[in-house]
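Just target24.pdb here, PDB, C-alpha atoms, pLDDT in the B column:
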```pdb
ATOM      1  CA  MET M   1      23.214 -88.531 -31.848  1.00 56.00           C
ATOM      2  CA  VAL M   2      24.435 -88.074 -35.416  1.00 65.00           C
ATOM      3  CA  THR M   3      21.136 -88.798 -37.136  1.00 80.00           C
ATOM      4  CA  ASN M   4      17.614 -87.466 -37.237  1.00 88.00           C
ATOM      5  CA  ASN M   5      14.682 -89.428 -38.531  1.00 91.00           C
ATOM      6  CA  LYS M   6      11.211 -88.941 -39.914  1.00 93.00           C
ATOM      7  CA  ILE M   7       9.612 -92.119 -38.594  1.00 95.00           C
ATOM      8  CA  LYS M   8       6.925 -90.186 -36.760  1.00 94.00           C
ATOM      9  CA  VAL M   9       6.000 -88.332 -39.950  1.00 94.00           C
ATOM     10  CA  PHE M  10       5.801 -91.520 -41.991  1.00 95.00           C
ATOM     11  CA  ARG M  11       3.809 -93.252 -39.254  1.00 95.00           C
ATOM     12  CA  ALA M  12       1.284 -90.448 -39.329  1.00 95.00           C
ATOM     13  CA  GLU M  13       1.161 -90.637 -43.115  1.00 94.00           C
ATOM     14  CA  TYR M  14       0.440 -94.372 -42.995  1.00 94.00           C
ATOM     15  CA  ASP M  15      -1.816 -94.004 -39.938  1.00 94.00           C
ATOM     16  CA  MET M  16       0.276 -96.445 -37.915  1.00 95.00           C
ATOM     17  CA  THR M  17       0.828 -96.604 -34.187  1.00 95.00           C
ATOM     18  CA  GLN M  18       4.228 -97.286 -32.661  1.00 94.00           C
ATOM     19  CA  GLU M  19       2.897-100.711 -31.703  1.00 91.00           C
ATOM     20  CA  ASP M  20       1.906-101.472 -35.325  1.00 93.00           C
ATOM     21  CA  LEU M  21       5.303-100.470 -36.681  1.00 94.00           C
ATOM     22  CA  ALA M  22       7.092-102.406 -33.943  1.00 93.00           C
ATOM     23  CA  LYS M  23       5.155-105.559 -34.826  1.00 90.00           C
ATOM     24  CA  LYS M  24       5.813-105.125 -38.550  1.00 92.00           C
ATOM     25  CA  VAL M  25       9.574-104.747 -38.168  1.00 93.00           C
ATOM     26  CA  GLY M  26       9.900-107.268 -35.324  1.00 91.00           C
ATOM     27  CA  VAL M  27      11.022-105.119 -32.398  1.00 92.00           C
ATOM     28  CA  THR M  28       9.467-103.858 -29.180  1.00 89.00           C
ATOM     29  CA  ARG M  29       7.455-100.633 -28.978  1.00 90.00           C
ATOM     30  CA  GLN M  30      10.121 -99.191 -26.663  1.00 91.00           C
ATOM     31  CA  THR M  31      12.671 -99.545 -29.464  1.00 93.00           C
ATOM     32  CA  ILE M  32      10.510 -97.554 -31.868  1.00 95.00           C
ATOM     33  CA  ILE M  33      10.032 -94.880 -29.179  1.00 94.00           C
ATOM     34  CA  ALA M  34      13.798 -94.748 -28.589  1.00 94.00           C
ATOM     35  CA  ILE M  35      14.528 -94.446 -32.325  1.00 94.00           C
ATOM     36  CA  GLU M  36      11.929 -91.705 -32.783  1.00 94.00           C
ATOM     37  CA  LYS M  37      13.440 -89.748 -29.902  1.00 92.00           C
ATOM     38  CA  ASN M  38      16.945 -90.250 -31.380  1.00 90.00           C
ATOM     39  CA  LYS M  39      18.049 -92.058 -28.254  1.00 91.00           C
ATOM     40  CA  TYR M  40      18.899 -95.254 -30.066  1.00 92.00           C
ATOM     41  CA  LEU M  41      20.563 -95.696 -33.446  1.00 92.00           C
ATOM     42  CA  PRO M  42      19.043 -98.738 -35.179  1.00 93.00           C
ATOM     43  CA  SER M  43      21.097-101.413 -36.896  1.00 93.00           C
ATOM     44  CA  LEU M  44      21.387-101.297 -40.674  1.00 93.00           C
ATOM     45  CA  GLU M  45      19.004-104.255 -40.936  1.00 94.00           C
ATOM     46  CA  LEU M  46      16.336-102.588 -38.804  1.00 94.00           C
ATOM     47  CA  ALA M  47      16.761 -99.293 -40.687  1.00 94.00           C
ATOM     48  CA  PHE M  48      16.249-101.149 -43.984  1.00 95.00           C
ATOM     49  CA  ASN M  49      13.191-102.910 -42.577  1.00 94.00           C
ATOM     50  CA  ILE M  50      11.654 -99.632 -41.432  1.00 95.00           C
ATOM     51  CA  ALA M  51      12.348 -98.006 -44.802  1.00 95.00           C
ATOM     52  CA  GLU M  52      10.923-101.013 -46.639  1.00 95.00           C
ATOM     53  CA  ASN M  53       7.817-100.876 -44.484  1.00 94.00           C
ATOM     54  CA  PHE M  54       7.163 -97.306 -45.637  1.00 95.00           C
ATOM     55  CA  LYS M  55       8.234 -98.138 -49.225  1.00 94.00           C
ATOM     56  CA  VAL M  56      10.958 -95.480 -49.296  1.00 94.00           C
ATOM     57  CA  SER M  57      14.759 -95.476 -49.217  1.00 94.00           C
ATOM     58  CA  ILE M  58      16.712 -95.263 -45.967  1.00 93.00           C
ATOM     59  CA  GLU M  59      17.918 -91.736 -46.794  1.00 91.00           C
ATOM     60  CA  GLU M  60      14.344 -90.511 -46.866  1.00 92.00           C
ATOM     61  CA  ILE M  61      13.802 -91.587 -43.276  1.00 93.00           C
ATOM     62  CA  PHE M  62      17.216 -91.312 -41.635  1.00 92.00           C
ATOM     63  CA  ILE M  63      19.172 -88.104 -42.065  1.00 90.00           C
ATOM     64  CA  LEU M  64      22.854 -87.868 -41.166  1.00 86.00           C
ATOM     65  CA  ASN M  65      23.913 -84.693 -39.376  1.00 80.00           C
ATOM     66  CA  LYS M  66      27.362 -83.927 -40.760  1.00 73.00           C
ATOM     67  CA  LYS M  67      28.622 -81.899 -37.779  1.00 65.00           C
TER      68      LYS M  67
ATOM     69  CA  MET V   1       0.226-114.232 -24.605  1.00 77.00           C
ATOM     70  CA  LYS V   2       0.889-110.494 -24.416  1.00 78.00           C
ATOM     71  CA  LEU V   3       4.230-109.040 -23.378  1.00 76.00           C
ATOM     72  CA  ASN V   4       2.729-107.311 -20.328  1.00 80.00           C
ATOM     73  CA  THR V   5       1.263-110.588 -19.055  1.00 86.00           C
ATOM     74  CA  PHE V   6       4.654-112.220 -19.537  1.00 85.00           C
ATOM     75  CA  LYS V   7       6.334-109.433 -17.551  1.00 85.00           C
ATOM     76  CA  LYS V   8       3.847-109.898 -14.693  1.00 89.00           C
ATOM     77  CA  ILE V   9       4.367-113.672 -14.655  1.00 90.00           C
ATOM     78  CA  LYS V  10       8.145-113.154 -14.741  1.00 89.00           C
ATOM     79  CA  LEU V  11       7.900-110.852 -11.729  1.00 92.00           C
ATOM     80  CA  LEU V  12       5.794-113.422  -9.845  1.00 92.00           C
ATOM     81  CA  LEU V  13       8.275-116.170 -10.697  1.00 92.00           C
ATOM     82  CA  THR V  14      11.179-114.005  -9.500  1.00 92.00           C
ATOM     83  CA  ILE V  15       9.362-113.391  -6.209  1.00 93.00           C
ATOM     84  CA  PHE V  16       8.631-117.137  -5.907  1.00 91.00           C
ATOM     85  CA  VAL V  17      12.285-118.092  -6.444  1.00 91.00           C
ATOM     86  CA  THR V  18      13.570-115.345  -4.117  1.00 92.00           C
ATOM     87  CA  VAL V  19      11.175-116.291  -1.296  1.00 93.00           C
ATOM     88  CA  ASN V  20      12.090-119.959  -1.632  1.00 91.00           C
ATOM     89  CA  PHE V  21      15.771-119.067  -1.709  1.00 87.00           C
ATOM     90  CA  VAL V  22      15.460-117.046   1.507  1.00 90.00           C
ATOM     91  CA  ILE V  23      13.513-119.883   3.190  1.00 92.00           C
ATOM     92  CA  ALA V  24      16.201-122.329   1.992  1.00 90.00           C
ATOM     93  CA  ILE V  25      18.941-120.190   3.534  1.00 88.00           C
ATOM     94  CA  VAL V  26      17.038-119.734   6.823  1.00 90.00           C
ATOM     95  CA  THR V  27      16.204-123.443   7.127  1.00 90.00           C
ATOM     96  CA  ASN V  28      19.631-124.456   5.793  1.00 88.00           C
ATOM     97  CA  ASN V  29      18.025-126.580   3.080  1.00 87.00           C
ATOM     98  CA  ILE V  30      20.002-126.498  -0.171  1.00 87.00           C
ATOM     99  CA  TYR V  31      17.569-128.809  -1.990  1.00 89.00           C
ATOM    100  CA  LEU V  32      14.714-126.331  -1.575  1.00 89.00           C
ATOM    101  CA  ALA V  33      16.836-123.619  -3.231  1.00 88.00           C
ATOM    102  CA  LEU V  34      17.837-125.921  -6.087  1.00 90.00           C
ATOM    103  CA  ILE V  35      14.252-127.109  -6.663  1.00 92.00           C
ATOM    104  CA  ALA V  36      12.986-123.501  -6.611  1.00 90.00           C
ATOM    105  CA  ILE V  37      15.582-122.427  -9.185  1.00 90.00           C
ATOM    106  CA  VAL V  38      14.881-125.388 -11.487  1.00 92.00           C
ATOM    107  CA  ILE V  39      11.084-124.946 -11.264  1.00 92.00           C
ATOM    108  CA  GLY V  40      11.440-121.182 -11.787  1.00 90.00           C
ATOM    109  CA  LEU V  41      13.645-121.627 -14.862  1.00 90.00           C
ATOM    110  CA  LEU V  42      11.413-124.308 -16.392  1.00 93.00           C
ATOM    111  CA  LEU V  43       8.261-122.238 -15.839  1.00 91.00           C
ATOM    112  CA  LEU V  44       9.973-119.152 -17.270  1.00 89.00           C
ATOM    113  CA  MET V  45      11.036-121.074 -20.386  1.00 89.00           C
ATOM    114  CA  PHE V  46       7.497-122.450 -20.789  1.00 90.00           C
ATOM    115  CA  VAL V  47       5.847-119.039 -20.356  1.00 88.00           C
ATOM    116  CA  ARG V  48       8.375-117.408 -22.700  1.00 85.00           C
ATOM    117  CA  SER V  49       7.573-119.902 -25.443  1.00 86.00           C
ATOM    118  CA  LYS V  50       3.911-118.845 -25.236  1.00 85.00           C
ATOM    119  CA  VAL V  51       4.625-115.126 -25.820  1.00 82.00           C
ATOM    120  CA  LYS V  52       3.746-113.993 -29.320  1.00 78.00           C
ATOM    121  CA  ASP V  53       5.161-110.461 -28.988  1.00 75.00           C
ATOM    122  CA  VAL V  54       8.856-109.703 -29.395  1.00 72.00           C
ATOM    123  CA  VAL V  55      10.551-110.135 -26.019  1.00 73.00           C
ATOM    124  CA  VAL V  56      14.168-109.420 -26.927  1.00 81.00           C
ATOM    125  CA  ASP V  57      15.263-107.176 -29.784  1.00 86.00           C
ATOM    126  CA  GLU V  58      18.518-105.513 -30.845  1.00 91.00           C
ATOM    127  CA  ARG V  59      18.112-102.559 -28.464  1.00 93.00           C
ATOM    128  CA  ILE V  60      17.593-104.830 -25.473  1.00 91.00           C
ATOM    129  CA  LYS V  61      20.607-106.917 -26.558  1.00 93.00           C
ATOM    130  CA  GLN V  62      22.725-103.759 -26.742  1.00 93.00           C
ATOM    131  CA  ILE V  63      21.563-102.627 -23.301  1.00 94.00           C
ATOM    132  CA  ALA V  64      22.400-106.085 -21.931  1.00 94.00           C
ATOM    133  CA  LEU V  65      25.829-105.879 -23.584  1.00 94.00           C
ATOM    134  CA  PHE V  66      26.599-102.554 -21.867  1.00 95.00           C
ATOM    135  CA  ALA V  67      25.320-103.929 -18.564  1.00 96.00           C
ATOM    136  CA  TYR V  68      27.480-107.077 -18.892  1.00 94.00           C
ATOM    137  CA  ARG V  69      30.522-104.972 -19.736  1.00 94.00           C
ATOM    138  CA  ASN V  70      30.006-102.727 -16.711  1.00 96.00           C
ATOM    139  CA  ALA V  71      29.360-105.725 -14.458  1.00 94.00           C
ATOM    140  CA  PHE V  72      32.574-107.373 -15.689  1.00 94.00           C
ATOM    141  CA  LEU V  73      34.655-104.216 -15.295  1.00 94.00           C
ATOM    142  CA  ILE V  74      33.351-103.326 -11.837  1.00 95.00           C
ATOM    143  CA  SER V  75      33.507-106.858 -10.435  1.00 93.00           C
ATOM    144  CA  THR V  76      37.013-107.481 -11.789  1.00 94.00           C
ATOM    145  CA  VAL V  77      38.402-104.183 -10.521  1.00 95.00           C
ATOM    146  CA  ILE V  78      36.794-104.645  -7.081  1.00 95.00           C
ATOM    147  CA  LEU V  79      38.011-108.245  -6.822  1.00 94.00           C
ATOM    148  CA  ALA V  80      41.534-107.307  -7.882  1.00 94.00           C
ATOM    149  CA  GLY V  81      41.594-104.327  -5.504  1.00 95.00           C
ATOM    150  CA  PHE V  82      40.368-106.338  -2.529  1.00 93.00           C
ATOM    151  CA  SER V  83      42.721-109.210  -3.298  1.00 94.00           C
ATOM    152  CA  ILE V  84      45.712-106.838  -3.225  1.00 92.00           C
ATOM    153  CA  MET V  85      44.432-105.291   0.020  1.00 91.00           C
ATOM    154  CA  PHE V  86      43.950-108.685   1.658  1.00 91.00           C
ATOM    155  CA  ILE V  87      47.390-109.931   0.626  1.00 90.00           C
ATOM    156  CA  VAL V  88      49.171-106.742   1.752  1.00 89.00           C
ATOM    157  CA  PHE V  89      47.339-106.574   5.125  1.00 86.00           C
ATOM    158  CA  SER V  90      47.872-110.274   5.747  1.00 85.00           C
ATOM    159  CA  ARG V  91      51.640-109.774   5.482  1.00 80.00           C
ATOM    160  CA  ASP V  92      51.509-106.999   8.081  1.00 76.00           C
ATOM    161  CA  SER V  93      49.261-108.840  10.510  1.00 78.00           C
ATOM    162  CA  ASN V  94      50.505-112.351   9.671  1.00 75.00           C
ATOM    163  CA  GLN V  95      47.021-113.779   9.171  1.00 83.00           C
ATOM    164  CA  ILE V  96      47.038-116.798   6.878  1.00 86.00           C
ATOM    165  CA  ILE V  97      43.263-116.748   6.287  1.00 88.00           C
ATOM    166  CA  MET V  98      43.408-113.222   4.856  1.00 88.00           C
ATOM    167  CA  GLU V  99      46.226-114.183   2.531  1.00 90.00           C
ATOM    168  CA  THR V 100      44.243-117.223   1.376  1.00 92.00           C
ATOM    169  CA  ILE V 101      41.132-115.137   0.679  1.00 92.00           C
ATOM    170  CA  GLY V 102      43.256-112.560  -1.155  1.00 92.00           C
ATOM    171  CA  THR V 103      44.899-115.249  -3.274  1.00 93.00           C
ATOM    172  CA  ILE V 104      41.526-116.831  -4.156  1.00 94.00           C
ATOM    173  CA  MET V 105      40.118-113.415  -5.091  1.00 94.00           C
ATOM    174  CA  SER V 106      43.122-112.635  -7.276  1.00 94.00           C
ATOM    175  CA  TYR V 107      42.719-115.974  -9.080  1.00 95.00           C
ATOM    176  CA  ILE V 108      39.016-115.254  -9.650  1.00 94.00           C
ATOM    177  CA  SER V 109      39.828-111.833 -11.129  1.00 94.00           C
ATOM    178  CA  LEU V 110      42.502-113.423 -13.343  1.00 94.00           C
ATOM    179  CA  PHE V 111      39.977-116.055 -14.412  1.00 95.00           C
ATOM    180  CA  ASN V 112      37.539-113.252 -15.326  1.00 93.00           C
ATOM    181  CA  ILE V 113      40.197-111.529 -17.421  1.00 94.00           C
ATOM    182  CA  ALA V 114      41.147-114.831 -19.110  1.00 96.00           C
ATOM    183  CA  ILE V 115      37.514-115.464 -20.093  1.00 94.00           C
ATOM    184  CA  TYR V 116      37.289-111.904 -21.418  1.00 93.00           C
ATOM    185  CA  VAL V 117      40.441-112.315 -23.535  1.00 95.00           C
ATOM    186  CA  MET V 118      39.287-115.677 -24.929  1.00 95.00           C
ATOM    187  CA  SER V 119      35.814-114.318 -25.737  1.00 93.00           C
ATOM    188  CA  TYR V 120      37.356-111.243 -27.343  1.00 92.00           C
ATOM    189  CA  LYS V 121      39.606-113.393 -29.572  1.00 92.00           C
ATOM    190  CA  TYR V 122      36.696-115.646 -30.517  1.00 93.00           C
ATOM    191  CA  TYR V 123      34.410-112.775 -31.488  1.00 91.00           C
ATOM    192  CA  SER V 124      37.133-110.794 -33.264  1.00 92.00           C
ATOM    193  CA  LYS V 125      37.792-113.874 -35.429  1.00 90.00           C
ATOM    194  CA  LYS V 126      34.080-114.387 -35.971  1.00 89.00           C
ATOM    195  CA  TYR V 127      33.603-110.764 -37.033  1.00 87.00           C
ATOM    196  CA  GLY V 128      36.456-110.551 -39.493  1.00 83.00           C
ATOM    197  CA  ASP V 129      39.845-110.353 -37.768  1.00 74.00           C
ATOM    198  CA  LYS V 130      42.715-112.305 -39.409  1.00 66.00           C
ATOM    199  CA  GLN V 131      40.763-114.493 -41.786  1.00 54.00           C
TER     200      GLN V 131
END
```

As structure tokens, what does this structure read like?
Amino acid sequence: MVTNNKIKVFRAEYDMTQEDLAKKVGVTRQTIIAIEKNKYLPSLELAFNIAENFKVSIEEIFILNKK
Amino acid sequence: MKLNTFKKIKLLLTIFVTVNFVIAIVTNNIYLALIAIVIGLLLLMFVRSKVKDVVVDERIKQIALFAYRNAFLISTVILAGFSIMFIVFSRDSNQIIMETIGTIMSYISLFNIAIYVMSYKYYSKKYGDKQ
């Protein structure tokens, strides 16, 4: 996968469970698990929604590995 | 309704339809199979409308897309392969039934490919090709 993400870190910061985040951004908990484990690359819309939920920009959560 | 409850009900409905389908085949009763399918689908739609959690999201859609693609590829290749085999063997053994089956299978695989091409053109136009 070409990206890493800090969703787990931000979740801990906001004291949110995977279930809470999933409900807020309108996906299943399995999708949040898959994104956190870098097994699934979210769509641009979902990435924006996640970033908006944590009140940060996308770049602060999703990091592109330029390899 | 919670997602887990929905999954359990879906499993029960699948078992219900399958059992009825098997009974319909054993008793040679097509109406039983049709009724079971219709009832199963209606109940599933009703139960699904009661679920408050997200049932299908973008990841599940992507997984389904990959599964559909593999199903299409595998079924088309197998159908085409068998149709060629049937037609070739029927010429050697002079069996008309084998040739007929082979011809039908080749038409089905061509039909599959035609649907794929039409869908591809439709979606490529929808998503920005030649506008």

Just need the residues of chain V within 9 Å of chain M, counting all atoms listed in the file, so spit them out as a tab-separated table (two decimals) with C-alpha atoms, in the frame of the given file.
```
chain	number	residue	atom	x	y	z
V	53	ASP	CA	5.16	-110.46	-28.99
V	54	VAL	CA	8.86	-109.70	-29.40
V	55	VAL	CA	10.55	-110.14	-26.02
V	56	VAL	CA	14.17	-109.42	-26.93
V	57	ASP	CA	15.26	-107.18	-29.78
V	58	GLU	CA	18.52	-105.51	-30.84
V	59	ARG	CA	18.11	-102.56	-28.46
V	60	ILE	CA	17.59	-104.83	-25.47
```

Margin query: Selection in question (the file shown): the PyMOL selection byres ((chain M and resi 4) around 8). Which residues does it include, as an MDAnalysis selection string?
Written below: chainID M and resid 1:3 5:6 38 62:65

Check: Just how far from CA of Asn20 in chain V is CA of Ala33 in chain V, in Å to one decimal?
Finding: 6.2 Å

Give the padded box for range 37-54 of chain V as AutoDock Vina command-line options: axis-aligned, covering all atoms listed in the file, 5 Å on each side, centre and edge lengths in Å to one decimal.
```
--center_x 9.7 --center_y -117.5 --center_z -19.3 --size_x 21.8 --size_y 25.7 --size_z 30.2
```

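The two atoms in question, CA of Lys2 in chain V and CA of Ile15 in chain V, are spaced 20.3 Å apart.
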
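The coordinates place CA of Gln62 in chain V at 17.3 Å from CA of Ser124 in chain V.
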
Checklist line | Answer key for the PyMOL selection byres ((chain V and resi 109) around 10), residues as an NGL selection string | finding: :V and (72 or 75-81 or 83 or 103-108 or 110-115)

Next item on the list: Run the PyMOL selection byres ((chain V and resi 14) around 12) against the file shown and list the residues it catches, as a ChimeraX atom specification.
Entry: /V:7-13,15-21,36-37,39-41,43-44

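Closest approach to Glu99 in chain V from the set V:Tyr116, V:Phe86, V:Tyr31, V:Tyr127 is made by V:Phe86, with distances taken over all atoms listed in the file.
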
Item checked: Proximity to Thr5 in chain V - best of V:Met85, V:Leu65, V:Val51, V:Ile101, all atoms listed in the file -> V:Val51

Atom completion result for range 24-35 of chain V (all heavy atoms) as an mmCIF file, in the frame of the given file:
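File part-v2.cif, as written:
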```cif
data_model
loop_
_atom_site.group_PDB
_atom_site.id
_atom_site.type_symbol
_atom_site.label_atom_id
_atom_site.label_comp_id
_atom_site.auth_asym_id
_atom_site.auth_seq_id
_atom_site.Cartn_x
_atom_site.Cartn_y
_atom_site.Cartn_z
ATOM 1 N N ALA V 24 15.158 -121.294 2.056
ATOM 2 C CA ALA V 24 16.201 -122.329 1.992
ATOM 3 C C ALA V 24 17.414 -121.943 2.813
ATOM 4 O O ALA V 24 18.009 -122.782 3.504
ATOM 5 C CB ALA V 24 16.584 -122.565 0.535
ATOM 6 N N ILE V 25 17.775 -120.650 2.763
ATOM 7 C CA ILE V 25 18.941 -120.190 3.534
ATOM 8 C C ILE V 25 18.633 -120.250 5.028
ATOM 9 O O ILE V 25 19.445 -120.735 5.827
ATOM 10 C CB ILE V 25 19.353 -118.762 3.096
ATOM 11 C CG1 ILE V 25 19.954 -118.813 1.688
ATOM 12 C CG2 ILE V 25 20.374 -118.165 4.072
ATOM 13 C CD1 ILE V 25 20.125 -117.467 1.035
ATOM 14 N N VAL V 26 17.425 -119.760 5.407
ATOM 15 C CA VAL V 26 17.038 -119.734 6.823
ATOM 16 C C VAL V 26 16.960 -121.150 7.403
ATOM 17 O O VAL V 26 17.444 -121.424 8.506
ATOM 18 C CB VAL V 26 15.686 -118.984 7.004
ATOM 19 C CG1 VAL V 26 15.151 -119.137 8.420
ATOM 20 C CG2 VAL V 26 15.857 -117.516 6.664
ATOM 21 N N THR V 27 16.363 -122.062 6.621
ATOM 22 C CA THR V 27 16.204 -123.443 7.127
ATOM 23 C C THR V 27 17.405 -124.325 6.795
ATOM 24 O O THR V 27 17.400 -125.523 7.097
ATOM 25 C CB THR V 27 14.929 -124.087 6.534
ATOM 26 O OG1 THR V 27 15.039 -124.043 5.105
ATOM 27 C CG2 THR V 27 13.671 -123.375 6.987
ATOM 28 N N ASN V 28 18.406 -123.728 6.152
ATOM 29 C CA ASN V 28 19.631 -124.456 5.793
ATOM 30 C C ASN V 28 19.326 -125.675 4.911
ATOM 31 O O ASN V 28 19.836 -126.778 5.145
ATOM 32 C CB ASN V 28 20.362 -124.870 7.067
ATOM 33 C CG ASN V 28 21.855 -124.950 6.824
ATOM 34 O OD1 ASN V 28 22.335 -124.554 5.765
ATOM 35 N ND2 ASN V 28 22.582 -125.471 7.797
ATOM 36 N N ASN V 29 18.452 -125.482 3.945
ATOM 37 C CA ASN V 29 18.025 -126.580 3.080
ATOM 38 C C ASN V 29 18.391 -126.254 1.627
ATOM 39 O O ASN V 29 17.684 -125.520 0.942
ATOM 40 C CB ASN V 29 16.508 -126.771 3.239
ATOM 41 C CG ASN V 29 16.003 -127.981 2.500
ATOM 42 O OD1 ASN V 29 16.737 -128.605 1.739
ATOM 43 N ND2 ASN V 29 14.750 -128.331 2.737
ATOM 44 N N ILE V 30 19.508 -126.824 1.175
ATOM 45 C CA ILE V 30 20.002 -126.498 -0.171
ATOM 46 C C ILE V 30 19.093 -127.055 -1.272
ATOM 47 O O ILE V 30 18.949 -126.468 -2.347
ATOM 48 C CB ILE V 30 21.464 -126.983 -0.347
ATOM 49 C CG1 ILE V 30 22.053 -126.379 -1.624
ATOM 50 C CG2 ILE V 30 21.562 -128.491 -0.363
ATOM 51 C CD1 ILE V 30 23.534 -126.558 -1.788
ATOM 52 N N TYR V 31 18.434 -128.178 -0.974
ATOM 53 C CA TYR V 31 17.569 -128.809 -1.990
ATOM 54 C C TYR V 31 16.377 -127.916 -2.347
ATOM 55 O O TYR V 31 15.960 -127.858 -3.494
ATOM 56 C CB TYR V 31 17.084 -130.180 -1.514
ATOM 57 C CG TYR V 31 18.224 -131.142 -1.303
ATOM 58 C CD1 TYR V 31 18.609 -131.538 -0.031
ATOM 59 C CD2 TYR V 31 18.952 -131.631 -2.390
ATOM 60 C CE1 TYR V 31 19.679 -132.402 0.161
ATOM 61 C CE2 TYR V 31 20.029 -132.484 -2.207
ATOM 62 C CZ TYR V 31 20.386 -132.876 -0.934
ATOM 63 O OH TYR V 31 21.447 -133.708 -0.767
ATOM 64 N N LEU V 32 15.839 -127.239 -1.332
ATOM 65 C CA LEU V 32 14.714 -126.331 -1.575
ATOM 66 C C LEU V 32 15.124 -125.224 -2.557
ATOM 67 O O LEU V 32 14.386 -124.902 -3.501
ATOM 68 C CB LEU V 32 14.232 -125.716 -0.253
ATOM 69 C CG LEU V 32 13.027 -124.784 -0.348
ATOM 70 C CD1 LEU V 32 11.800 -125.534 -0.805
ATOM 71 C CD2 LEU V 32 12.760 -124.100 0.991
ATOM 72 N N ALA V 33 16.338 -124.681 -2.345
ATOM 73 C CA ALA V 33 16.836 -123.619 -3.231
ATOM 74 C C ALA V 33 17.007 -124.151 -4.649
ATOM 75 O O ALA V 33 16.597 -123.500 -5.625
ATOM 76 C CB ALA V 33 18.160 -123.084 -2.705
ATOM 77 N N LEU V 34 17.602 -125.331 -4.760
ATOM 78 C CA LEU V 34 17.837 -125.921 -6.087
ATOM 79 C C LEU V 34 16.516 -126.206 -6.806
ATOM 80 O O LEU V 34 16.365 -125.886 -7.998
ATOM 81 C CB LEU V 34 18.649 -127.218 -5.954
ATOM 82 C CG LEU V 34 20.127 -127.046 -5.655
ATOM 83 C CD1 LEU V 34 20.792 -128.394 -5.394
ATOM 84 C CD2 LEU V 34 20.838 -126.349 -6.801
ATOM 85 N N ILE V 35 15.567 -126.791 -6.066
ATOM 86 C CA ILE V 35 14.252 -127.109 -6.663
ATOM 87 C C ILE V 35 13.559 -125.823 -7.117
ATOM 88 O O ILE V 35 12.996 -125.760 -8.218
ATOM 89 C CB ILE V 35 13.376 -127.911 -5.666
ATOM 90 C CG1 ILE V 35 13.952 -129.315 -5.496
ATOM 91 C CG2 ILE V 35 11.929 -128.000 -6.144
ATOM 92 C CD1 ILE V 35 13.383 -130.092 -4.331
#
```
